[in-house]
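What follows is the content of target_6.pdb (PDB, C-alpha atoms).
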```
ATOM      1  CA  MET A 466     125.463 107.277  70.692  1.00  0.00           C
ATOM      2  CA  LEU A 467     124.338 109.802  73.282  1.00  0.00           C
ATOM      3  CA  GLY A 468     120.751 109.622  71.966  1.00  0.00           C
ATOM      4  CA  PHE A 469     120.664 105.832  72.468  1.00  0.00           C
ATOM      5  CA  LYS A 470     122.076 106.145  75.989  1.00  0.00           C
ATOM      6  CA  ASN A 471     119.375 108.698  76.868  1.00  0.00           C
ATOM      7  CA  PHE A 472     116.751 106.371  75.380  1.00  0.00           C
ATOM      8  CA  VAL A 473     117.942 103.454  77.533  1.00  0.00           C
ATOM      9  CA  TYR A 474     117.896 105.496  80.748  1.00  0.00           C
ATOM     10  CA  ASP A 475     114.598 107.265  80.012  1.00  0.00           C
ATOM     11  CA  GLU A 476     111.931 106.044  82.461  1.00  0.00           C
ATOM     12  CA  ASP A 477     108.869 107.957  81.205  1.00  0.00           C
ATOM     13  CA  GLY A 478     107.291 104.869  79.612  1.00  0.00           C
ATOM     14  CA  ILE A 479     107.508 102.743  82.753  1.00  0.00           C
ATOM     15  CA  GLY A 480     104.208 104.107  84.104  1.00  0.00           C
ATOM     16  CA  VAL A 481     102.424 103.062  80.931  1.00  0.00           C
ATOM     17  CA  VAL A 482     103.897  99.555  81.082  1.00  0.00           C
ATOM     18  CA  GLU A 483     102.866  99.195  84.714  1.00  0.00           C
ATOM     19  CA  MET A 484      99.301 100.274  83.937  1.00  0.00           C
ATOM     20  CA  ILE A 485      99.082  97.800  81.040  1.00  0.00           C
ATOM     21  CA  LEU A 486     100.350  94.976  83.269  1.00  0.00           C
ATOM     22  CA  ILE A 487      97.811  95.826  85.964  1.00  0.00           C
ATOM     23  CA  VAL A 488      94.980  95.792  83.414  1.00  0.00           C
ATOM     24  CA  VAL A 489      96.169  92.459  82.000  1.00  0.00           C
ATOM     25  CA  VAL A 490      96.276  90.914  85.486  1.00  0.00           C
ATOM     26  CA  LEU A 491      92.788  92.206  86.313  1.00  0.00           C
ATOM     27  CA  ILE A 492      91.376  90.841  83.059  1.00  0.00           C
ATOM     28  CA  GLY A 493      93.030  87.493  83.782  1.00  0.00           C
ATOM     29  CA  LEU A 494      91.511  87.358  87.262  1.00  0.00           C
ATOM     30  CA  VAL A 495      88.067  88.158  85.895  1.00  0.00           C
ATOM     31  CA  LEU A 496      88.382  85.400  83.300  1.00  0.00           C
ATOM     32  CA  ILE A 497      89.556  82.884  85.910  1.00  0.00           C
ATOM     33  CA  PHE A 498      86.811  83.689  88.420  1.00  0.00           C
ATOM     34  CA  LYS A 499      84.064  84.541  85.900  1.00  0.00           C
ATOM     35  CA  SER A 500      81.547  81.948  87.099  1.00  0.00           C
ATOM     36  CA  SER A 501      82.104  82.767  90.771  1.00  0.00           C
ATOM     37  CA  LEU A 502      81.705  86.489  90.115  1.00  0.00           C
ATOM     38  CA  THR A 503      78.561  85.904  88.046  1.00  0.00           C
ATOM     39  CA  ASP A 504      76.994  83.817  90.823  1.00  0.00           C
ATOM     40  CA  LEU A 505      77.923  86.427  93.439  1.00  0.00           C
ATOM     41  CA  VAL A 506      76.416  89.294  91.440  1.00  0.00           C
ATOM     42  CA  ASN A 507      73.259  87.336  90.636  1.00  0.00           C
ATOM     43  CA  ASP A 508      72.774  86.369  94.292  1.00  0.00           C
ATOM     44  CA  THR A 509      73.335  89.946  95.402  1.00  0.00           C
ATOM     45  CA  PHE A 510      70.799  91.368  92.961  1.00  0.00           C
ATOM     46  CA  THR A 511      68.299  88.657  93.868  1.00  0.00           C
ATOM     47  CA  LYS A 512      68.588  89.576  97.556  1.00  0.00           C
ATOM     48  CA  ILE A 513      68.226  93.269  96.735  1.00  0.00           C
ATOM     49  CA  LYS A 514      65.113  92.576  94.635  1.00  0.00           C
ATOM     50  CA  ASP A 515      63.544  90.348  97.312  1.00  0.00           C
ATOM     51  CA  GLN A 516      64.211  92.803 100.140  1.00  0.00           C
ATOM     52  CA  ALA A 517      63.114  95.848  98.115  1.00  0.00           C
ATOM     53  CA  GLY A 518      59.497  94.638  98.369  1.00  0.00           C
ATOM     54  CA  GLU A 519      59.714  94.762 102.167  1.00  0.00           C
ATOM     55  CA  VAL A 520      60.520  98.461 102.361  1.00  0.00           C
TER      56      VAL A 520
END
```

Render the structure in this file as structure tokens.
Amino acid sequence: MLGFKNFVYDEDGIGVVEMILIVVVLIGLVLIFKSSLTDLVNDTFTKIKDQAGEV
């Protein structure tokens, strides 16, 4: 019974769970805003390409 009690109070795995949740949230945000992010990146690279000829 002492082994189970130690298992319940052990908090070493909490960091892993938090990291997994953060990654899941970030992936969800990317999927939700995929078209907006794609447009933003394309516009940014277009501006960089157009202004690179001026230098």

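Here CA of Asp504 in chain A and CA of Ile487 in chain A stand 24.5 Å from one another.
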
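A straight line drawn from CA of Val506 in chain A to CA of Ile492 in chain A is 17.2 Å long.
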
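As for CA of Val489 in chain A and CA of Leu502 in chain A, they are spaced 17.6 Å apart.
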
Let me have the centre and edge lengths in Å, one decimal, of the box along x, y and z around every listed atom of range 507-513 of chain A with 3 Å of margin on each side, as JSON.
```
{"center_x": 70.8, "center_y": 89.8, "center_z": 94.1, "size_x": 11.1, "size_y": 12.9, "size_z": 12.9}
```
